[in-house]
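Structure first, then comments.
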Number of protein chains: 2
Amino acid sequence: MQPVVQQLGVIGCGLIGGSFALALKRAGMVRQVVGYSKSPTTTETARRLGVIDRVAESALLAVSGSDVVLVAVPVAATETTLKNIRELVSPDMLVMDVGSTKRDVVDTARRVLGEKIGSFVPAHPIAGKESAGVQHADGALYQGRQVILTPLPQTRASHVDRATLLWQAAGAVVQQMSADSHDAAFAAVSHLPHLLAFAYFSAIANQPAGPEFLSLAGPGFRDFTRIAASDPTIWRDILLANREEVLRQSQRFRYQLKLLETAMASGQSADLEELIRLPALARSQWQIGGAPVTTGHPGPAPQGGAATTGAAGSGTPPAGQTPSPGAPRPR
Amino acid sequence: MQPVVQQLGVIGCGLIGGSFALALKRAGMVRQVVGYSKSPTTTETARRLGVIDRVAESALLAVSGSDVVLVAVPVAATETTLKNIRELVSPDMLVMDVGSTKRDVVDTARRVLGEKIGSFVPAHPIAGKESAGVQHADGALYQGRQVILTPLPQTRASHVDRATLLWQAAGAVVQQMSADSHDAAFAAVSHLPHLLAFAYFSAIANQPAGPEFLSLAGPGFRDFTRIAASDPTIWRDILLANREEVLRQSQRFRYQLKLLETAMASGQSADLEELIRLPALARSQWQIGGAPVTTGHPGPAPQGGAATTGAAGSGTPPAGQTPSPGAPRPR
């Protein structure tokens, strides 16, 4: 492993891929960037903006001669892309993706790359912008952001080290976890909020007075619904790819919502206040990238996304959320 | 009615009341501000910061000699406050509140003020800040923000005019509607999002891996949950005061969530994309204070939550979301 990348191949020259190229350039960590995008206009823009140095005519040609390859395409296009480049993936080559779900990517990579899987380091940079597209690529996009790597047992350790080093050079804070843990965590903190924001916005907009209601909405609404403006096809794929975990988290959410609704409907003022006080306190202590907040939950406990076990239908609380006698109590 | 206020009495010298006083001072619209707060420290701070000119020892004394009175206390304290000041409310005096719910305030005011109700103009400024308290009072808080007035039939027209003029002087855009319409609208665009944010944050935090999950959350989560940090007692009161409308809106929301979940669970990619595309498009067209957005909703027609027609997988839509006859219609 050498620290400086001789040739970075970027497949998918959008905001994420383009920002990675710019960040490595800025850090002096790459000699040449070769880029390929499905749309020739995108690649040409990337070249014109100095995001890439040379346009490749195909994904395979972007891999040719590269020692590091970043596959920055929508998750649904990962399989095709890996098939297209498979032939030229070599043991010394580091190949990364940037997908928001990891279990599906790992499965796909295992299947498509076969014995070449050792080159693959699944990556998820937790970063983005309102506006997609290479014209918004930004060498500082990953500054202070987290990047999760979910290496497989077969992944070469030297590739994991190099991936870590490169994302750190891009300004990111890097950590490793299993693909399963990743998907469980992001179902909770990213995928479910998107699902809820889509559902909420539809519910408000799709009623006779929807337009009038929307014209009265303020800053709280604006922030709460910001993620509802996310790209529909990307989010369709994420929600499908991680549906089991997302549905599990949604069940937890619906259970909490039911508790609140019940307290409201029955006018149980003290219960309602308690149900609000806990999240209000925990949220006011939370900050991005901060230390784990105290949530009123006892201890660090056994982990893994599915804290809710066989959660059951509406009515019975999912195991693990059963309030102890009296007040609804976070486990 | 004279444009300039001879004496403004502010009962509850917090962020909202204090900012109103500062805004009128800045606009040269008030000669003197007299303030009362339950906590003497607050009133003293308000005086020291120049938010008020004189400290009153009671709510009644803040009303004495005032031609305009702003009751800026939590909604739950409105009744007591009105009782305390009732004696000195005169026909020429304009009395306003600032509560986030209006039907309950109107009912209370009608009951407590009796034949003096003509002086009362219920008001709801759509403004706020992360940080409450008079030390954050800001003369520009209402700049460009909306203020809703919900006058009663008995409210003197001259008081409504004066209230309008004063809030406009504070920089706000003023509109009138009935208390019922107000509560229906804000159940949809403000109260329900708070309820959902509380439920969501609790659901995520109250699981064994909650703290780890929270440490991985990014900007989307931050914005989506910002309102979950709101004041618990204030929101308990709002959610209770407007519970019928909020529960009605929540039902619409749960119906949309169910549609999304069903599409996910059954892997109906096209349905899922459609369910996401509509809100994503509508949200990206929406902006604060903007014109009503097109929601993909077919005309002004009788309708229901589901823009996607019979996409409903599981079960029938809840009453009130069935397209056409019987749809819950914001009053």
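Labeling convention for the structure tokens: chains A, B, ... as they appear, residues from 1 per chain, ligands from 1 in order of appearance.
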Distance query region 231-238 of chain A at most 7 Å, only C-alpha atoms, self and fewer than 2 positions along chain excluded, as number ranges by chain: A: 74-76, 100-101, 229, 240-242; B: 269, 272-273, 276-277, 280
Would you export the selected residues with all heavy atoms as an mmCIF file, in the first residue's frame, please?
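In the end it all went to result_35.cif:
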data_model
loop_
_atom_site.group_PDB
_atom_site.id
_atom_site.type_symbol
_atom_site.label_atom_id
_atom_site.label_comp_id
_atom_site.auth_asym_id
_atom_site.auth_seq_id
_atom_site.Cartn_x
_atom_site.Cartn_y
_atom_site.Cartn_z
ATOM 1 N N PRO A 74 -26.034 5.017 -7.886
ATOM 2 C CA PRO A 74 -27.156 4.592 -7.045
ATOM 3 C C PRO A 74 -27.049 3.098 -6.728
ATOM 4 O O PRO A 74 -26.582 2.318 -7.574
ATOM 5 C CB PRO A 74 -28.375 4.875 -7.922
ATOM 6 C CG PRO A 74 -27.939 5.962 -8.854
ATOM 7 C CD PRO A 74 -26.483 5.722 -9.099
ATOM 8 N N VAL A 75 -27.470 2.725 -5.531
ATOM 9 C CA VAL A 75 -27.315 1.337 -5.087
ATOM 10 C C VAL A 75 -27.862 0.340 -6.114
ATOM 11 O O VAL A 75 -27.268 -0.707 -6.361
ATOM 12 C CB VAL A 75 -28.004 1.134 -3.720
ATOM 13 C CG1 VAL A 75 -28.023 -0.340 -3.342
ATOM 14 C CG2 VAL A 75 -27.267 1.912 -2.644
ATOM 15 N N ALA A 76 -28.961 0.702 -6.764
ATOM 16 C CA ALA A 76 -29.573 -0.215 -7.728
ATOM 17 C C ALA A 76 -28.663 -0.486 -8.918
ATOM 18 O O ALA A 76 -28.810 -1.497 -9.603
ATOM 19 C CB ALA A 76 -30.910 0.346 -8.208
ATOM 20 N N SER A 100 -25.895 3.788 0.783
ATOM 21 C CA SER A 100 -26.512 4.036 2.092
ATOM 22 C C SER A 100 -26.976 2.761 2.769
ATOM 23 O O SER A 100 -27.357 2.782 3.931
ATOM 24 C CB SER A 100 -27.714 4.959 1.937
ATOM 25 O OG SER A 100 -27.311 6.191 1.426
ATOM 26 N N THR A 101 -27.041 1.682 2.035
ATOM 27 C CA THR A 101 -27.319 0.375 2.631
ATOM 28 C C THR A 101 -26.122 -0.511 2.335
ATOM 29 O O THR A 101 -25.463 -0.355 1.303
ATOM 30 C CB THR A 101 -28.590 -0.254 2.045
ATOM 31 O OG1 THR A 101 -28.517 -0.232 0.620
ATOM 32 C CG2 THR A 101 -29.825 0.530 2.486
ATOM 33 N N ALA A 229 -37.864 15.928 0.515
ATOM 34 C CA ALA A 229 -37.539 16.369 -0.845
ATOM 35 C C ALA A 229 -36.435 15.518 -1.468
ATOM 36 O O ALA A 229 -35.937 15.830 -2.539
ATOM 37 C CB ALA A 229 -37.129 17.841 -0.837
ATOM 38 N N LEU A 240 -36.317 -0.305 0.014
ATOM 39 C CA LEU A 240 -36.522 -1.709 -0.347
ATOM 40 C C LEU A 240 -35.344 -2.562 0.118
ATOM 41 O O LEU A 240 -35.524 -3.661 0.660
ATOM 42 C CB LEU A 240 -36.710 -1.855 -1.859
ATOM 43 C CG LEU A 240 -38.076 -1.434 -2.394
ATOM 44 C CD1 LEU A 240 -38.118 -1.555 -3.916
ATOM 45 C CD2 LEU A 240 -39.198 -2.267 -1.760
ATOM 46 N N ALA A 241 -34.145 -2.042 -0.072
ATOM 47 C CA ALA A 241 -32.964 -2.832 0.275
ATOM 48 C C ALA A 241 -32.905 -3.122 1.769
ATOM 49 O O ALA A 241 -32.445 -4.177 2.195
ATOM 50 C CB ALA A 241 -31.697 -2.101 -0.171
ATOM 51 N N ASN A 242 -33.375 -2.192 2.562
ATOM 52 C CA ASN A 242 -33.251 -2.338 4.021
ATOM 53 C C ASN A 242 -34.624 -2.469 4.676
ATOM 54 O O ASN A 242 -34.825 -2.093 5.831
ATOM 55 C CB ASN A 242 -32.505 -1.125 4.592
ATOM 56 C CG ASN A 242 -31.901 -1.418 5.957
ATOM 57 O OD1 ASN A 242 -31.708 -2.574 6.334
ATOM 58 N ND2 ASN A 242 -31.608 -0.370 6.709
ATOM 59 N N SER B 269 -42.046 -2.062 -6.074
ATOM 60 C CA SER B 269 -41.110 -0.984 -6.342
ATOM 61 C C SER B 269 -41.777 0.228 -7.003
ATOM 62 O O SER B 269 -41.542 1.369 -6.597
ATOM 63 C CB SER B 269 -40.001 -1.533 -7.228
ATOM 64 O OG SER B 269 -39.111 -0.532 -7.565
ATOM 65 N N LEU B 272 -44.056 2.043 -4.548
ATOM 66 C CA LEU B 272 -43.260 2.743 -3.541
ATOM 67 C C LEU B 272 -42.681 4.025 -4.124
ATOM 68 O O LEU B 272 -42.749 5.093 -3.502
ATOM 69 C CB LEU B 272 -42.137 1.825 -3.031
ATOM 70 C CG LEU B 272 -41.250 2.400 -1.935
ATOM 71 C CD1 LEU B 272 -42.065 2.765 -0.702
ATOM 72 C CD2 LEU B 272 -40.145 1.405 -1.562
ATOM 73 N N GLU B 273 -42.147 3.914 -5.320
ATOM 74 C CA GLU B 273 -41.569 5.106 -5.944
ATOM 75 C C GLU B 273 -42.622 6.196 -6.126
ATOM 76 O O GLU B 273 -42.370 7.367 -5.857
ATOM 77 C CB GLU B 273 -40.948 4.752 -7.293
ATOM 78 C CG GLU B 273 -40.260 5.960 -7.907
ATOM 79 C CD GLU B 273 -39.621 5.648 -9.254
ATOM 80 O OE1 GLU B 273 -39.352 4.459 -9.532
ATOM 81 O OE2 GLU B 273 -39.406 6.605 -10.013
ATOM 82 N N ILE B 276 -43.391 7.982 -3.002
ATOM 83 C CA ILE B 276 -42.314 8.885 -2.593
ATOM 84 C C ILE B 276 -42.243 10.086 -3.531
ATOM 85 O O ILE B 276 -41.982 11.207 -3.110
ATOM 86 C CB ILE B 276 -40.958 8.147 -2.596
ATOM 87 C CG1 ILE B 276 -40.957 7.022 -1.554
ATOM 88 C CG2 ILE B 276 -39.820 9.112 -2.322
ATOM 89 C CD1 ILE B 276 -39.717 6.161 -1.587
ATOM 90 N N ARG B 277 -42.499 9.837 -4.801
ATOM 91 C CA ARG B 277 -42.322 10.894 -5.798
ATOM 92 C C ARG B 277 -43.243 12.087 -5.544
ATOM 93 O O ARG B 277 -42.833 13.240 -5.666
ATOM 94 C CB ARG B 277 -42.566 10.326 -7.204
ATOM 95 C CG ARG B 277 -42.166 11.276 -8.328
ATOM 96 C CD ARG B 277 -42.213 10.582 -9.679
ATOM 97 N NE ARG B 277 -41.197 9.551 -9.826
ATOM 98 C CZ ARG B 277 -39.905 9.801 -10.074
ATOM 99 N NH1 ARG B 277 -39.483 11.043 -10.190
ATOM 100 N NH2 ARG B 277 -39.042 8.821 -10.196
ATOM 101 N N ALA B 280 -42.032 14.143 -2.558
ATOM 102 C CA ALA B 280 -40.706 14.694 -2.860
ATOM 103 C C ALA B 280 -40.827 15.894 -3.798
ATOM 104 O O ALA B 280 -40.182 16.929 -3.597
ATOM 105 C CB ALA B 280 -39.802 13.620 -3.469
#
Output as a PyMOL selection string all residues of region 42-273 of chain A that backbone DSSP marks as helix (DSSP H, G or I). chain A and resi 42-48+59-63+75-88+103-119+134-136+157-169+179-205+210-216+219-229+232-241+243-265+269-273
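For Gly12 (chain B), the set of protein, DNA and RNA residues having any atom at most 8 Å away, when counting only C-alpha atoms and skipping those fewer than 6 positions along the same chain, is Gly35, Tyr36, Ser37, Lys38, Val71, Ala72 and Val73 of chain B.
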Any chance you could export the current selection's N, CA and C atoms as a CSV table (one decimal), in the first residue's frame?
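What ended up in out.csv:
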chain,number,residue,atom,x,y,z
B,35,GLY,N,-44.2,45.7,32.3
B,35,GLY,CA,-44.2,44.3,32.2
B,35,GLY,C,-44.4,43.5,33.5
B,36,TYR,N,-45.0,42.4,33.4
B,36,TYR,CA,-45.2,41.5,34.6
B,36,TYR,C,-44.8,40.1,34.2
B,37,SER,N,-44.1,39.4,35.1
B,37,SER,CA,-43.9,38.0,34.9
B,37,SER,C,-44.0,37.3,36.2
B,38,LYS,N,-44.3,36.0,36.2
B,38,LYS,CA,-44.5,35.3,37.5
B,38,LYS,C,-43.2,35.4,38.2
B,71,VAL,N,-51.0,39.3,26.4
B,71,VAL,CA,-50.9,38.2,27.3
B,71,VAL,C,-50.0,37.1,26.7
B,72,ALA,N,-48.8,37.0,27.1
B,72,ALA,CA,-47.8,36.1,26.5
B,72,ALA,C,-47.4,35.0,27.4
B,73,VAL,N,-48.4,34.3,28.0
B,73,VAL,CA,-48.1,33.3,29.0
B,73,VAL,C,-48.4,31.9,28.3
Using only C-alpha atoms, determine which residues lie at most 7 Å from region 283-290 of chain A, disregarding the query and same-chain residues fewer than 6 positions distant; provide the list as number ranges by chain. B: 215-218, 228-229
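Once chain B has been superposed on chain A by least squares across all Cα atoms, the two differ by an RMSD of 3.9 Å.
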Calculate how many Å separate CA of Leu22 (chain A) from CA of Leu165 (chain A), rounding to one decimal.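 Here the two named atoms are 15.6 Å from each other.
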Distance in Å - CA of Leu24 (chain A) versus CA of Asp138 (chain A):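 Taking CA of Leu24 (chain A) as the start and CA of Asp138 (chain A) as the end point, the length is 11.0 Å.
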Strand (DSSP E or B) residues, from DSSP on the backbone, in region 109-223 of chain B, as a ChimeraX atom specification: /B:120-121,123-125,146-149,173-176
Atoms to include: C-alpha atoms. Write the selected residues as a CSV table (one decimal), in the first residue's frame.
chain,number,residue,atom,x,y,z
B,120,PHE,CA,-60.0,40.5,22.9
B,121,VAL,CA,-58.2,39.7,19.7
B,123,ALA,CA,-53.4,36.2,18.0
B,124,HIS,CA,-50.9,33.5,17.0
B,125,PRO,CA,-47.5,34.7,15.9
B,146,GLN,CA,-47.0,35.3,9.8
B,147,VAL,CA,-49.3,36.3,12.5
B,148,ILE,CA,-52.8,34.8,12.6
B,149,LEU,CA,-55.7,36.7,14.2
B,173,VAL,CA,-47.6,39.5,7.7
B,174,VAL,CA,-51.1,39.3,9.3
B,175,GLN,CA,-54.0,37.3,8.3
B,176,GLN,CA,-57.4,36.4,9.8
Can you pull out the residues contacting Gln6 (chain A)? Cut-off 8 Å, using only C-alpha atoms, and skip same-chain residues under 3 positions away; I want them as a PyMOL selection string. chain A and resi 30-32+66-67
What would the file look like if the residues just selected were written as a PDB file, in the first residue's frame with N, CA, C and O atoms?
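The resulting file, part-v1.pdb, is reproduced below:
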ATOM      1  N   VAL A  30      -3.733  12.236  -4.611  1.00  0.00           N
ATOM      2  CA  VAL A  30      -4.011  11.517  -5.851  1.00  0.00           C
ATOM      3  C   VAL A  30      -3.305  12.209  -7.029  1.00  0.00           C
ATOM      4  O   VAL A  30      -3.259  13.433  -7.099  1.00  0.00           O
ATOM      5  N   ARG A  31      -2.728  11.367  -7.913  1.00  0.00           N
ATOM      6  CA  ARG A  31      -2.009  11.960  -9.050  1.00  0.00           C
ATOM      7  C   ARG A  31      -2.947  12.245 -10.218  1.00  0.00           C
ATOM      8  O   ARG A  31      -2.828  13.255 -10.884  1.00  0.00           O
ATOM      9  N   GLN A  32      -3.859  11.331 -10.446  1.00  0.00           N
ATOM     10  CA  GLN A  32      -4.747  11.496 -11.603  1.00  0.00           C
ATOM     11  C   GLN A  32      -6.118  10.905 -11.297  1.00  0.00           C
ATOM     12  O   GLN A  32      -6.204   9.866 -10.652  1.00  0.00           O
ATOM     13  N   SER A  66      -6.214   2.014 -12.795  1.00  0.00           N
ATOM     14  CA  SER A  66      -6.478   2.655 -11.499  1.00  0.00           C
ATOM     15  C   SER A  66      -6.026   1.757 -10.353  1.00  0.00           C
ATOM     16  O   SER A  66      -6.184   0.542 -10.424  1.00  0.00           O
ATOM     17  N   ASP A  67      -5.472   2.350  -9.313  1.00  0.00           N
ATOM     18  CA  ASP A  67      -5.176   1.541  -8.130  1.00  0.00           C
ATOM     19  C   ASP A  67      -6.272   1.694  -7.075  1.00  0.00           C
ATOM     20  O   ASP A  67      -6.396   0.876  -6.171  1.00  0.00           O
TER      21      ASP A  67
END
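As for CA of Ala163 (chain B) and CA of Leu61 (chain B), they are spaced 21.6 Å apart.
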Pick from A:Tyr255, A:Phe224, A:Tyr142, A:Phe186 nearest to chain B, counting only C-alpha atoms: A:Phe224
Pick the closest to Ala127 (chain B) from B:Gly267, B:Gly114, B:Gly65, B:Gly171: which is it, counting only C-alpha atoms? B:Gly171
Among B:Ile117, B:Ala263, B:Ala205, B:Ile85, chain A is approached most closely, using only C-alpha atoms, by B:Ala205
